[in-house]
>>> print(open('entry34.cif').read())   # mmCIF, C-alpha atoms
data_data
loop_
_atom_site.label_atom_id
_atom_site.label_comp_id
_atom_site.auth_asym_id
_atom_site.auth_seq_id
_atom_site.Cartn_x
_atom_site.Cartn_y
_atom_site.Cartn_z
CA MET A 85 -26.11 -15.58 -1.36
CA SER A 86 -24.42 -16.60 -4.62
CA LEU A 87 -21.08 -15.30 -5.89
CA THR A 88 -22.74 -13.99 -9.07
CA PHE A 89 -24.95 -11.79 -6.88
CA LEU A 90 -22.40 -10.77 -4.22
CA LEU A 91 -19.67 -9.52 -6.59
CA PRO A 92 -21.95 -7.17 -8.58
CA LEU A 93 -23.46 -5.98 -5.27
CA ILE A 94 -19.99 -5.11 -3.91
CA LEU A 95 -19.00 -3.28 -7.10
CA LEU A 96 -22.27 -1.38 -7.47
CA CYS A 97 -22.56 -0.34 -3.82
CA GLY A 98 -18.84 0.47 -3.62
CA TRP A 99 -18.98 2.63 -6.75
CA PHE A 100 -22.11 4.46 -5.57
CA SER A 101 -20.68 5.14 -2.10
CA SER A 102 -17.39 6.42 -3.58
CA ARG A 103 -19.26 8.80 -5.91
CA LEU A 104 -21.47 9.99 -3.06
CA PHE A 105 -18.46 10.77 -0.86
CA SER A 106 -16.74 12.53 -3.77
CA LEU A 107 -19.78 14.80 -4.16
CA LEU A 108 -19.60 15.51 -0.43
CA ARG A 109 -15.91 16.48 -0.89
CA LEU A 110 -14.86 13.46 1.20
CA PRO A 111 -12.33 10.74 0.25
CA PRO A 112 -13.98 8.07 -1.95
CA VAL A 113 -11.95 5.40 -0.08
CA LEU A 114 -13.85 6.29 3.09
CA GLY A 115 -17.14 5.72 1.30
CA MET A 116 -16.02 2.29 0.11
CA LEU A 117 -14.96 1.28 3.62
CA ILE A 118 -18.27 2.38 5.14
CA CYS A 119 -20.08 0.56 2.36
CA GLY A 120 -18.15 -2.57 3.32
CA LEU A 121 -19.04 -2.10 7.00
CA LEU A 122 -22.73 -1.92 6.07
CA LEU A 123 -22.55 -4.96 3.81
CA GLY A 124 -20.67 -6.78 6.56
CA THR A 125 -23.72 -6.52 8.82
CA LEU A 126 -25.28 -9.19 6.62
CA GLY A 127 -22.86 -11.61 8.28
CA GLU A 128 -19.96 -13.53 6.76
CA GLN A 129 -22.00 -16.71 7.02
CA VAL A 130 -24.06 -15.60 4.01
CA TRP A 131 -20.91 -15.42 1.86
CA PRO A 132 -20.52 -18.30 -0.59
CA VAL A 133 -17.51 -20.54 0.07
CA SER A 134 -16.10 -19.50 -3.32
CA MET A 135 -16.01 -15.86 -2.15
CA ARG A 136 -13.86 -16.73 0.86
CA GLU A 137 -11.43 -18.45 -1.52
CA LEU A 138 -11.50 -15.55 -4.01
CA GLU A 139 -11.04 -12.76 -1.45
CA PRO A 140 -7.21 -13.11 -0.99
CA PHE A 141 -6.73 -13.09 -4.77
CA LEU A 142 -8.78 -9.91 -5.18
CA LYS A 143 -6.75 -8.12 -2.50
CA THR A 144 -3.47 -9.25 -4.05
CA PHE A 145 -4.69 -8.20 -7.49
CA ALA A 146 -5.40 -4.68 -6.20
CA LEU A 147 -1.91 -4.43 -4.67
CA VAL A 148 -0.32 -5.60 -7.93
CA VAL A 149 -2.19 -2.99 -9.98
CA ILE A 150 -1.22 -0.06 -7.78
CA LEU A 151 2.43 -1.12 -7.44
CA LEU A 152 2.77 -1.58 -11.19
CA ARG A 153 1.41 1.94 -11.62
CA ALA A 154 3.97 3.18 -9.10
CA GLY A 155 6.83 1.43 -10.90
CA LEU A 156 5.71 2.81 -14.25
CA GLY A 157 6.02 6.31 -12.77
CA LEU A 158 9.66 5.99 -11.64
CA ARG A 159 12.49 7.22 -13.87
CA ARG A 160 16.12 6.24 -13.34
CA LYS A 161 17.36 9.80 -13.88
CA VAL A 162 14.99 11.08 -11.22
CA LEU A 163 15.83 8.23 -8.82
CA ASN A 164 19.54 9.10 -9.15
CA GLN A 165 18.65 12.69 -8.22
CA ILE A 166 16.61 11.78 -5.14
CA GLY A 167 18.33 8.49 -4.22
CA ARG A 168 19.68 9.23 -0.73
CA THR A 169 16.55 11.02 0.46
CA ALA A 170 14.26 8.33 -1.00
CA LEU A 171 16.29 5.63 0.77
CA ALA A 172 16.01 7.48 4.08
CA LEU A 173 12.26 7.96 3.58
CA SER A 174 11.84 4.26 2.94
CA ILE A 175 13.49 3.25 6.23
CA ILE A 176 13.50 5.88 8.99
CA PRO A 177 9.76 6.80 9.24
CA CYS A 178 8.68 3.14 9.18
CA LEU A 179 11.19 2.08 11.84
CA LEU A 180 10.40 4.99 14.15
CA GLU A 181 6.65 4.48 13.93
CA GLY A 182 6.84 0.69 14.15
CA SER A 183 9.18 0.78 17.15
CA LEU A 184 7.04 3.23 19.11
CA LEU A 185 3.83 1.33 18.30
CA THR A 186 5.41 -1.96 19.38
CA ILE A 187 6.20 -0.50 22.81
CA LEU A 188 2.75 1.08 23.19
CA LEU A 189 0.92 -2.07 22.07
CA HIS A 190 2.89 -4.18 24.54
CA PHE A 191 2.36 -1.96 27.57
CA CYS A 192 -1.05 -0.40 26.81
CA PHE A 193 -2.83 -3.22 24.94
CA HIS A 194 -0.97 -6.02 26.78
CA PHE A 195 0.08 -7.77 23.57
CA THR A 196 3.09 -10.08 23.72
CA TRP A 197 6.20 -8.60 22.07
CA PRO A 198 5.88 -10.64 18.84
CA ILE A 199 2.17 -9.83 18.46
CA ALA A 200 2.85 -6.17 19.28
CA GLY A 201 5.59 -6.15 16.62
CA LEU A 202 3.48 -7.65 13.84
CA THR A 203 0.59 -5.31 14.66
CA ALA A 204 2.89 -2.27 14.80
CA PHE A 205 4.52 -2.85 11.43
CA MET A 206 1.20 -3.71 9.80
CA LEU A 207 -0.08 -0.35 11.07
CA SER A 208 3.07 1.58 10.15
CA ALA A 209 2.93 1.03 6.38
CA VAL A 210 1.92 4.06 4.31
CA SER A 211 -0.78 3.43 1.69
CA PRO A 212 0.16 3.09 -1.99
CA ALA A 213 -3.55 3.00 -2.86
CA VAL A 214 -3.90 6.57 -1.58
CA VAL A 215 -0.41 7.94 -2.20
CA VAL A 216 0.33 6.61 -5.70
CA PRO A 217 -2.73 8.07 -7.51
CA ALA A 218 -2.36 11.36 -5.62
CA MET A 219 1.35 11.71 -6.47
CA LEU A 220 0.82 10.73 -10.11
CA ASN A 221 -1.92 13.36 -10.34
CA LEU A 222 0.29 16.09 -8.84
CA SER A 223 3.18 15.10 -11.10
CA GLU A 224 1.00 15.25 -14.22
CA LYS A 225 -0.14 18.75 -13.23
CA GLY A 226 3.48 19.90 -12.77
CA TYR A 227 3.59 20.35 -8.99
CA GLY A 228 6.95 19.91 -7.23
CA LYS A 229 8.84 19.09 -10.44
CA LYS A 230 11.99 21.06 -9.57
CA ASN A 231 12.96 18.74 -6.72
CA GLU A 232 10.80 15.84 -8.00
CA VAL A 233 8.79 15.74 -4.78
CA PRO A 234 5.95 13.48 -6.05
CA THR A 235 8.45 10.93 -7.39
CA LEU A 236 10.41 11.11 -4.14
CA VAL A 237 7.27 10.28 -2.17
CA LEU A 238 6.34 7.54 -4.66
CA ALA A 239 9.71 5.81 -4.33
CA GLY A 240 10.05 6.25 -0.57
CA ALA A 241 6.48 5.25 0.28
CA SER A 242 6.53 2.13 -1.91
CA ALA A 243 9.81 0.88 -0.41
CA ASP A 244 8.45 1.78 3.04
CA ASP A 245 5.69 -0.77 2.43
CA VAL A 246 8.19 -3.48 1.53
CA LEU A 247 10.08 -2.92 4.80
CA ALA A 248 6.85 -2.90 6.84
CA ILE A 249 5.53 -6.09 5.18
CA THR A 250 8.88 -7.87 5.61
CA LEU A 251 9.06 -7.02 9.33
CA PHE A 252 5.39 -7.97 9.73
CA SER A 253 6.22 -11.38 8.23
CA VAL A 254 9.20 -11.83 10.57
CA PHE A 255 7.05 -11.12 13.64
CA VAL A 256 4.30 -13.43 12.35
CA GLY A 257 6.91 -16.18 12.15
CA ILE A 258 8.02 -15.50 15.72
CA ALA A 259 4.41 -15.43 16.96
CA THR A 260 3.31 -18.65 15.25
CA LYS A 261 6.46 -20.81 15.36
CA PRO A 262 8.10 -21.36 18.78
CA GLU A 263 11.34 -22.50 17.12
CA PHE A 264 11.53 -19.30 15.02
CA HIS A 265 14.17 -16.99 16.56
CA TRP A 266 14.46 -13.34 15.59
CA LEU A 267 18.28 -13.39 15.60
CA THR A 268 18.32 -16.03 12.88
CA SER A 269 15.75 -14.03 10.88
CA LEU A 270 17.69 -10.77 10.61
CA TRP A 271 19.36 -11.94 7.40
CA GLN A 272 15.90 -12.45 5.85
CA LEU A 273 15.48 -8.74 5.09
CA PRO A 274 18.43 -8.38 2.64
CA ARG A 275 17.69 -11.87 1.28
CA SER A 276 14.05 -10.94 0.77
CA LEU A 277 14.99 -7.72 -1.05
CA ILE A 278 17.48 -9.45 -3.37
CA LEU A 279 15.11 -12.32 -4.19
CA GLY A 280 12.38 -9.77 -4.88
CA ILE A 281 14.34 -7.35 -7.06
CA LEU A 282 16.33 -9.81 -9.23
CA PRO A 283 13.28 -11.65 -10.68
CA GLY A 284 11.66 -8.23 -11.21
CA ILE A 285 14.64 -7.09 -13.27
CA ALA A 286 14.65 -10.31 -15.31
CA VAL A 287 10.91 -10.21 -15.98
CA GLY A 288 11.01 -6.48 -16.77
CA LEU A 289 13.78 -6.93 -19.35
CA LEU A 290 12.00 -9.90 -20.92
CA LEU A 291 8.67 -8.09 -21.19
CA ALA A 292 10.32 -4.89 -22.45
CA ALA A 293 11.99 -6.84 -25.28
CA LEU A 294 8.78 -8.73 -26.07
CA PHE A 295 6.55 -5.65 -26.06
CA HIS A 296 9.04 -3.49 -27.95
CA LYS A 297 9.44 -6.09 -30.69
CA ASN A 298 5.68 -6.64 -31.02
CA HIS A 299 4.58 -3.10 -30.24
CA GLN A 300 2.24 -2.79 -33.23
CA ARG A 301 1.07 -6.41 -33.40
CA VAL A 302 0.01 -6.82 -29.77
CA ARG A 303 -2.72 -4.50 -28.53
CA ALA A 304 -2.26 -2.48 -25.35
CA THR A 305 -5.04 -4.46 -23.65
CA GLU A 306 -3.23 -7.73 -24.42
CA LYS A 307 0.06 -6.32 -23.12
CA THR A 308 -1.69 -5.28 -19.91
CA LEU A 309 -3.19 -8.75 -19.51
CA ILE A 310 0.25 -10.38 -19.92
CA LEU A 311 1.83 -7.91 -17.47
CA LEU A 312 -0.81 -8.52 -14.80
CA MET A 313 -0.68 -12.31 -15.07
CA VAL A 314 3.13 -12.35 -14.92
CA ALA A 315 3.06 -9.97 -11.92
CA LEU A 316 0.58 -12.21 -10.09
CA MET A 317 2.83 -15.20 -10.77
CA LEU A 318 5.74 -13.20 -9.30
CA VAL A 319 3.71 -12.68 -6.14
CA GLN A 320 3.05 -16.41 -5.90
CA ALA A 321 6.73 -17.18 -6.44
CA GLY A 322 7.60 -14.56 -3.82
CA GLU A 323 5.34 -16.24 -1.26
CA MET A 324 7.09 -19.56 -1.91
CA MET A 325 10.58 -18.02 -1.60
CA HIS A 326 9.62 -15.56 1.19
CA SER A 327 10.88 -12.65 -0.92
CA ALA A 328 9.85 -9.00 -1.32
CA ALA A 329 7.75 -9.78 -4.40
CA LEU A 330 5.93 -6.44 -4.20
CA LEU A 331 9.23 -4.61 -4.69
CA GLY A 332 9.90 -6.93 -7.63
CA ILE A 333 6.60 -5.87 -9.19
CA MET A 334 7.56 -2.21 -8.90
CA THR A 335 10.90 -3.10 -10.48
CA VAL A 336 9.09 -4.60 -13.49
CA GLY A 337 7.28 -1.29 -14.05
CA PHE A 338 10.50 0.68 -13.61
CA ILE A 339 12.36 -1.48 -16.20
CA LEU A 340 9.50 -1.18 -18.68
CA LEU A 341 9.57 2.62 -18.42
CA GLU A 342 13.34 2.64 -18.97
CA LYS A 343 13.47 0.15 -21.84
CA ALA A 344 10.12 0.58 -23.62
CA GLU A 345 8.73 3.99 -22.69
CA PRO A 346 5.88 4.19 -25.27
CA VAL A 347 4.64 0.79 -24.12
CA ALA A 348 4.94 1.85 -20.47
CA HIS A 349 2.66 4.84 -21.07
CA GLU A 350 0.08 2.55 -22.72
CA LEU A 351 0.20 0.15 -19.81
CA SER A 352 -0.07 2.92 -17.24
CA ALA A 353 -3.22 4.26 -18.94
CA LYS A 354 -4.82 0.82 -18.97
CA LEU A 355 -3.90 0.10 -15.35
CA SER A 356 -5.45 3.38 -14.22
CA LYS A 357 -8.77 2.12 -15.61
CA ILE A 358 -8.41 -1.33 -14.04
CA TRP A 359 -7.71 0.36 -10.70
CA ILE A 360 -11.33 1.56 -10.61
CA PHE A 361 -12.45 -2.06 -10.19
CA ALA A 362 -9.53 -3.13 -7.99
CA GLU A 363 -9.89 -0.22 -5.56
CA ILE A 364 -13.58 -0.88 -4.94
CA MET A 365 -13.00 -4.58 -4.30
CA LEU A 366 -10.07 -3.95 -1.94
CA PHE A 367 -11.70 -1.41 0.36
CA VAL A 368 -15.22 -2.83 0.40
CA LEU A 369 -13.86 -6.28 1.25
CA ILE A 370 -11.79 -5.02 4.18
CA GLY A 371 -14.81 -3.10 5.49
CA MET A 372 -16.89 -6.29 5.31
CA LYS A 373 -14.40 -8.14 7.54
CA VAL A 374 -14.71 -5.75 10.48
CA ASP A 375 -16.67 -6.43 13.63
CA PRO A 376 -18.13 -2.98 14.53
CA LYS A 377 -18.40 -3.92 18.23
CA VAL A 378 -14.68 -4.68 18.49
CA ALA A 379 -13.84 -1.51 16.55
CA LEU A 380 -15.94 0.61 18.93
CA GLN A 381 -14.37 -1.00 21.99
CA ALA A 382 -10.87 -0.20 20.69
CA GLY A 383 -12.03 3.34 19.75
CA PRO A 384 -10.41 6.14 21.82
CA ALA A 385 -7.35 4.12 22.86
CA ALA A 386 -6.80 3.01 19.26
CA ILE A 387 -7.05 6.56 17.89
CA ALA A 388 -4.55 7.76 20.51
CA LEU A 389 -2.21 4.90 19.57
CA ILE A 390 -2.46 5.63 15.84
CA SER A 391 -1.93 9.36 16.46
CA ALA A 392 1.24 8.65 18.43
CA GLY A 393 2.45 6.53 15.53
CA LEU A 394 1.77 9.35 13.07
CA LEU A 395 3.81 11.76 15.20
CA ALA A 396 6.74 9.33 15.18
CA ARG A 397 6.38 8.87 11.41
CA SER A 398 6.28 12.64 10.86
CA LEU A 399 9.46 13.02 12.89
CA GLY A 400 11.03 10.30 10.74
CA VAL A 401 10.08 12.13 7.55
CA TRP A 402 11.54 15.38 8.88
CA ILE A 403 14.80 13.63 9.80
CA SER A 404 14.94 11.84 6.43
CA THR A 405 14.62 15.07 4.44
CA PHE A 406 17.16 16.98 6.55
CA GLY A 407 20.06 18.14 4.38
CA SER A 408 18.16 17.45 1.14
CA PRO A 409 17.48 20.10 -1.56
CA LEU A 410 13.82 20.22 -0.46
CA THR A 411 12.43 23.50 0.82
CA GLN A 412 10.72 23.71 4.22
CA LYS A 413 7.32 23.70 2.50
CA GLU A 414 8.23 20.62 0.49
CA ARG A 415 9.38 18.82 3.64
CA ILE A 416 6.04 19.63 5.28
CA PHE A 417 4.26 18.26 2.21
CA CYS A 418 6.24 15.00 2.50
CA ILE A 419 4.91 14.68 6.06
CA CYS A 420 1.35 15.15 4.74
CA ALA A 421 1.90 12.56 2.00
CA TYR A 422 3.17 9.99 4.52
CA LEU A 423 0.03 10.13 6.70
CA PRO A 424 -2.55 7.94 4.91
CA LYS A 425 -2.83 4.22 5.60
CA ALA A 426 -5.10 1.88 3.69
CA THR A 427 -3.74 -0.72 1.28
CA VAL A 428 -1.39 -2.76 3.46
CA GLN A 429 -3.76 -2.55 6.43
CA ALA A 430 -6.59 -3.75 4.14
CA ALA A 431 -4.48 -6.63 2.84
CA LEU A 432 -2.84 -7.73 6.11
CA GLY A 433 -5.27 -6.65 8.83
CA SER A 434 -7.19 -9.93 8.76
CA VAL A 435 -4.10 -12.20 8.54
CA PRO A 436 -3.55 -12.56 12.34
CA LEU A 437 -7.22 -13.42 12.81
CA ALA A 438 -7.03 -16.04 10.03
CA LEU A 439 -3.89 -17.55 11.64
CA GLY A 440 -5.58 -17.79 15.04
CA ILE A 441 -3.18 -15.32 16.68
CA PRO A 442 -4.53 -14.08 20.07
CA GLY A 443 -6.13 -10.65 19.75
CA GLY A 444 -6.79 -11.13 16.02
CA GLU A 445 -10.15 -9.31 16.16
CA THR A 446 -8.58 -6.35 17.96
CA ILE A 447 -5.73 -6.25 15.41
CA LEU A 448 -8.25 -6.17 12.56
CA ALA A 449 -10.20 -3.41 14.31
CA LEU A 450 -6.98 -1.39 14.72
CA ALA A 451 -6.25 -1.84 11.01
CA VAL A 452 -9.67 -0.57 9.99
CA LEU A 453 -9.65 2.34 12.44
CA ALA A 454 -6.21 3.30 11.08
CA VAL A 455 -7.68 3.43 7.57
CA LEU A 456 -10.84 5.29 8.63
CA PHE A 457 -8.80 7.86 10.57
CA THR A 458 -5.71 8.38 8.42
CA ALA A 459 -6.96 7.88 4.84
CA PRO A 460 -9.24 10.94 4.86
CA LEU A 461 -6.74 12.90 6.97
CA GLY A 462 -3.93 12.15 4.52
CA LEU A 463 -6.04 12.77 1.42
CA PHE A 464 -7.22 16.14 2.71
CA ALA A 465 -3.64 17.06 3.63
CA ILE A 466 -2.37 16.09 0.17
CA ARG A 467 -5.20 17.80 -1.71
CA ILE A 468 -4.92 21.03 0.26
CA GLY A 469 -1.17 20.95 0.82
CA GLY A 470 -0.11 19.96 -2.70
CA PRO A 471 -1.08 23.20 -4.48
CA LYS A 472 -0.07 25.37 -1.49
CA LEU A 473 3.22 23.77 -0.54
CA LEU A 474 4.59 22.70 -3.93
CA ASP A 475 5.68 25.05 -6.71
CA LEU A 476 3.80 24.71 -9.99
CA GLU A 477 5.96 24.25 -13.08
CA ASN A 478 4.39 24.60 -16.50
CA LEU A 479 4.80 21.39 -18.50
#
>>> encode(input="entry34.cif", output="structure tokens")
Amino acid sequence: MSLTFLLPLILLCGWFSSRLFSLLRLPPVLGMLICGLLLGTLGEQVWPVSMRELEPFLKTFALVVILLRAGLGLRRKVLNQIGRTALALSIIPCLLEGSLLTILLHFCFHFTWPIAGLTAFMLSAVSPAVVVPAMLNLSEKGYGKKNEVPTLVLAGASADDVLAITLFSVFVGIATKPEFHWLTSLWQLPRSLILGILPGIAVGLLLAALFHKNHQRVRATEKTLILLMVALMLVQAGEMMHSAALLGIMTVGFILLEKAEPVAHELSAKLSKIWIFAEIMLFVLIGMKVDPKVALQAGPAAIALISAGLLARSLGVWISTFGSPLTQKERIFCICAYLPKATVQAALGSVPLALGIPGGETILALAVLAVLFTAPLGLFAIRIGGPKLLDLENL
């Protein structure tokens, strides 16, 4: 099968399945994943070599698009208002869920501690692909504006991903390099954050000045192209420096909104259209990588494991919002918004298998089952809970 046939097939089938599931009042993401599972039955051996090389780029591209959209929705004034709670939401739920899952994976799935740790923190990340569009939609409609609940979830969930990905990387290092010791890697978290944020600030200020000065002469489409290419280069630089490049990408969006707001709104509108393509590619591709037999074997035990993790995460959200201005209903909504998993699991689920880590197929199956179980659960909870749990403020 040629690349020129496979790519249009993925896009067409993914789009059709997402529309079909929307008509059935089901999450479109679920349709894309199932579409990928069906296409995967063709066998990876029919993929062209060029597709295997292109796949990591397409997944990274999708992550860049959604994180830029998240950054372009964060205001400094609002972040100052929600700072402490957002910080707690970015740390406590992830650590509680990841810690519990590590213990369960070690004793119930008989993974070694490093492999249990990398699997746990891959599973613990909340999904920006599900959360960001949902929160932006609620914010635009005026829900939860008094206490800035959608922005709180946006900021906390996005930083939650950075922590999960960083800890995943640390455990991958321990699992693949015998000389890699976790005590010597503790300093990597603050180092990773600093090396991720500082380039993001620099690039954001540079682009803000460039776009502001040439606002009329450079079309919005051209600005978007420049932003995406620079963001992808930041990711590449982040991989070389082992930094939290994804947080840096969010920082670029945040700086642009602060320094060149009209441009930021243009970019956000363009990125929302590009996300249509990126979302289909991301979720269909991860579905195509799954071995249904392994997923079925992991079935009941995996669902129980993921459910236990969600309970720990929900407890973490409740603790994080304790003492905040949020009402009880708003705190319950935050729990709902922190349920869905998709993007990070889609991007990282196949990494252990590619690295030859023992249990790689089971880890990938756990990642996909987490998406299939929690993405629709979280989307339903957000869609139903948003209007019922958040106050509506006329804009």
>>> residues_around(input="entry34.cif", residues="A:Ser276", least_positions_apart="4", cutoff="10 Å", atoms="all atoms listed in the file", output="ChimeraX atom specification")
/A:246-247,250,271-272,280-281,322,325-329,331
>>> atom_distance(input="entry34.cif", atom1="atom CA of A:Lys297", atom2="atom CA of A:Ala239")
28.9 Å
>>> residues_around(input="entry34.cif", residues="stretch 180-195 of chain A", least_positions_apart="4", cutoff="7 Å", atoms="only C-alpha atoms", output="PDB file with C-alpha atoms, keeping the file's coordinate frame")
ATOM      1  CA  ILE A 176      13.500   5.880   8.990  1.00  0.00           C
ATOM      2  CA  ILE A 199       2.170  -9.830  18.460  1.00  0.00           C
ATOM      3  CA  ALA A 200       2.850  -6.170  19.280  1.00  0.00           C
ATOM      4  CA  GLY A 201       5.590  -6.150  16.620  1.00  0.00           C
ATOM      5  CA  ALA A 204       2.890  -2.270  14.800  1.00  0.00           C
ATOM      6  CA  PHE A 205       4.520  -2.850  11.430  1.00  0.00           C
ATOM      7  CA  SER A 208       3.070   1.580  10.150  1.00  0.00           C
ATOM      8  CA  GLY A 393       2.450   6.530  15.530  1.00  0.00           C
ATOM      9  CA  LEU A 394       1.770   9.350  13.070  1.00  0.00           C
ATOM     10  CA  ALA A 396       6.740   9.330  15.180  1.00  0.00           C
ATOM     11  CA  ARG A 397       6.380   8.870  11.410  1.00  0.00           C
ATOM     12  CA  GLY A 400      11.030  10.300  10.740  1.00  0.00           C
TER      13      GLY A 400
END
>>> atom_distance(input="entry34.cif", atom1="atom CA of A:Ser174", atom2="atom CA of A:Val214")
16.5 Å
>>> closest_residue(input="entry34.cif", among="A:Gly444, A:Pro177, A:Pro132, A:Pro212", to="A:Pro424", atoms="only C-alpha atoms")
A:Pro212
>>> resolve_selection(input="entry34.cif", expression="the PyMOL selection byres ((chain A and resi 469) around 12)", output="list in words")
Ala218, Leu222, Tyr227, Gly228, Lys413, Glu414, Arg415, Ile416, Phe417, Cys418, Ile419, Cys420, Ala421, Leu461, Gly462, Leu463, Phe464, Ala465, Ile466, Arg467, Ile468, Gly470, Pro471, Lys472, Leu473, Leu474 and Asp475 of chain A
>>> write_last_selection(input="entry34.cif", atoms="C-alpha atoms", output="mmCIF file, in the frame of the given file")
data_model
loop_
_atom_site.group_PDB
_atom_site.id
_atom_site.type_symbol
_atom_site.label_atom_id
_atom_site.label_comp_id
_atom_site.auth_asym_id
_atom_site.auth_seq_id
_atom_site.Cartn_x
_atom_site.Cartn_y
_atom_site.Cartn_z
ATOM 1 C CA ALA A 218 -2.360 11.360 -5.620
ATOM 2 C CA LEU A 222 0.290 16.090 -8.840
ATOM 3 C CA TYR A 227 3.590 20.350 -8.990
ATOM 4 C CA GLY A 228 6.950 19.910 -7.230
ATOM 5 C CA LYS A 413 7.320 23.700 2.500
ATOM 6 C CA GLU A 414 8.230 20.620 0.490
ATOM 7 C CA ARG A 415 9.380 18.820 3.640
ATOM 8 C CA ILE A 416 6.040 19.630 5.280
ATOM 9 C CA PHE A 417 4.260 18.260 2.210
ATOM 10 C CA CYS A 418 6.240 15.000 2.500
ATOM 11 C CA ILE A 419 4.910 14.680 6.060
ATOM 12 C CA CYS A 420 1.350 15.150 4.740
ATOM 13 C CA ALA A 421 1.900 12.560 2.000
ATOM 14 C CA LEU A 461 -6.740 12.900 6.970
ATOM 15 C CA GLY A 462 -3.930 12.150 4.520
ATOM 16 C CA LEU A 463 -6.040 12.770 1.420
ATOM 17 C CA PHE A 464 -7.220 16.140 2.710
ATOM 18 C CA ALA A 465 -3.640 17.060 3.630
ATOM 19 C CA ILE A 466 -2.370 16.090 0.170
ATOM 20 C CA ARG A 467 -5.200 17.800 -1.710
ATOM 21 C CA ILE A 468 -4.920 21.030 0.260
ATOM 22 C CA GLY A 470 -0.110 19.960 -2.700
ATOM 23 C CA PRO A 471 -1.080 23.200 -4.480
ATOM 24 C CA LYS A 472 -0.070 25.370 -1.490
ATOM 25 C CA LEU A 473 3.220 23.770 -0.540
ATOM 26 C CA LEU A 474 4.590 22.700 -3.930
ATOM 27 C CA ASP A 475 5.680 25.050 -6.710
#
>>> closest_residue(input="entry34.cif", among="A:Leu330, A:Ala259, A:Ala362, A:Ala451", to="A:Ala213", atoms="only C-alpha atoms")
A:Ala362
>>> closest_residue(input="entry34.cif", among="A:Ala248, A:Leu395, A:Leu207, A:Met324", to="A:Ala449", atoms="only C-alpha atoms")
A:Leu207
>>> atom_distance(input="entry34.cif", atom1="atom CA of A:Thr308", atom2="atom CA of A:Leu151")
13.8 Å
>>> closest_residue(input="entry34.cif", among="A:Asn298, A:Thr411, A:Thr235, A:Ser242", to="A:Lys161", atoms="only C-alpha atoms")
A:Thr235
>>> closest_atom_pairs(input="entry34.cif", of="stretch 116-143 of chain A", to="stretch 339-360 of chain A", cutoff="12 Å", atoms="all atoms listed in the file", output="JSON lines")
{"residue": "A:Met116", "atom": "CA", "partner": "A:Ile360", "partner_atom": "CA", "distance": 11.7}
{"residue": "A:Leu142", "atom": "CA", "partner": "A:Trp359", "partner_atom": "CA", "distance": 11.7}
{"residue": "A:Lys143", "atom": "CA", "partner": "A:Trp359", "partner_atom": "CA", "distance": 11.8}
>>> resolve_selection(input="entry34.cif", expression="the PyMOL selection byres ((chain A and resi 155) around 7)", output="PyMOL selection string")
chain A and resi 151-154+156-158+334-338
>>> build_atoms(input="entry34.cif", residues="stretch 276-287 of chain A", atoms="N, CA and C atoms", output="PDB file, in the frame of the given file")
ATOM      1  N   SER A 276      15.368 -11.190   1.335  1.00  0.00           N
ATOM      2  CA  SER A 276      14.050 -10.940   0.770  1.00  0.00           C
ATOM      3  C   SER A 276      14.091  -9.869  -0.315  1.00  0.00           C
ATOM      4  N   LEU A 277      14.875  -8.810  -0.068  1.00  0.00           N
ATOM      5  CA  LEU A 277      14.990  -7.720  -1.050  1.00  0.00           C
ATOM      6  C   LEU A 277      15.648  -8.211  -2.333  1.00  0.00           C
ATOM      7  N   ILE A 278      16.747  -8.964  -2.188  1.00  0.00           N
ATOM      8  CA  ILE A 278      17.480  -9.450  -3.370  1.00  0.00           C
ATOM      9  C   ILE A 278      16.607 -10.411  -4.179  1.00  0.00           C
ATOM     10  N   LEU A 279      15.953 -11.360  -3.490  1.00  0.00           N
ATOM     11  CA  LEU A 279      15.110 -12.320  -4.190  1.00  0.00           C
ATOM     12  C   LEU A 279      13.843 -11.697  -4.755  1.00  0.00           C
ATOM     13  N   GLY A 280      13.510 -10.490  -4.294  1.00  0.00           N
ATOM     14  CA  GLY A 280      12.380  -9.770  -4.880  1.00  0.00           C
ATOM     15  C   GLY A 280      12.781  -8.960  -6.086  1.00  0.00           C
ATOM     16  N   ILE A 281      13.920  -8.266  -5.996  1.00  0.00           N
ATOM     17  CA  ILE A 281      14.340  -7.350  -7.060  1.00  0.00           C
ATOM     18  C   ILE A 281      14.868  -8.092  -8.293  1.00  0.00           C
ATOM     19  N   LEU A 282      15.702  -9.126  -8.090  1.00  0.00           N
ATOM     20  CA  LEU A 282      16.330  -9.810  -9.230  1.00  0.00           C
ATOM     21  C   LEU A 282      15.308 -10.417 -10.208  1.00  0.00           C
ATOM     22  N   PRO A 283      14.299 -11.161  -9.729  1.00  0.00           N
ATOM     23  CA  PRO A 283      13.280 -11.650 -10.680  1.00  0.00           C
ATOM     24  C   PRO A 283      12.528 -10.495 -11.354  1.00  0.00           C
ATOM     25  N   GLY A 284      12.328  -9.390 -10.622  1.00  0.00           N
ATOM     26  CA  GLY A 284      11.660  -8.230 -11.210  1.00  0.00           C
ATOM     27  C   GLY A 284      12.457  -7.649 -12.366  1.00  0.00           C
ATOM     28  N   ILE A 285      13.783  -7.575 -12.193  1.00  0.00           N
ATOM     29  CA  ILE A 285      14.640  -7.090 -13.270  1.00  0.00           C
ATOM     30  C   ILE A 285      14.568  -8.022 -14.480  1.00  0.00           C
ATOM     31  N   ALA A 286      14.673  -9.325 -14.223  1.00  0.00           N
ATOM     32  CA  ALA A 286      14.650 -10.310 -15.310  1.00  0.00           C
ATOM     33  C   ALA A 286      13.328 -10.262 -16.076  1.00  0.00           C
ATOM     34  N   VAL A 287      12.233 -10.247 -15.340  1.00  0.00           N
ATOM     35  CA  VAL A 287      10.910 -10.210 -15.980  1.00  0.00           C
ATOM     36  C   VAL A 287      10.707  -8.891 -16.716  1.00  0.00           C
TER      37      VAL A 287
END
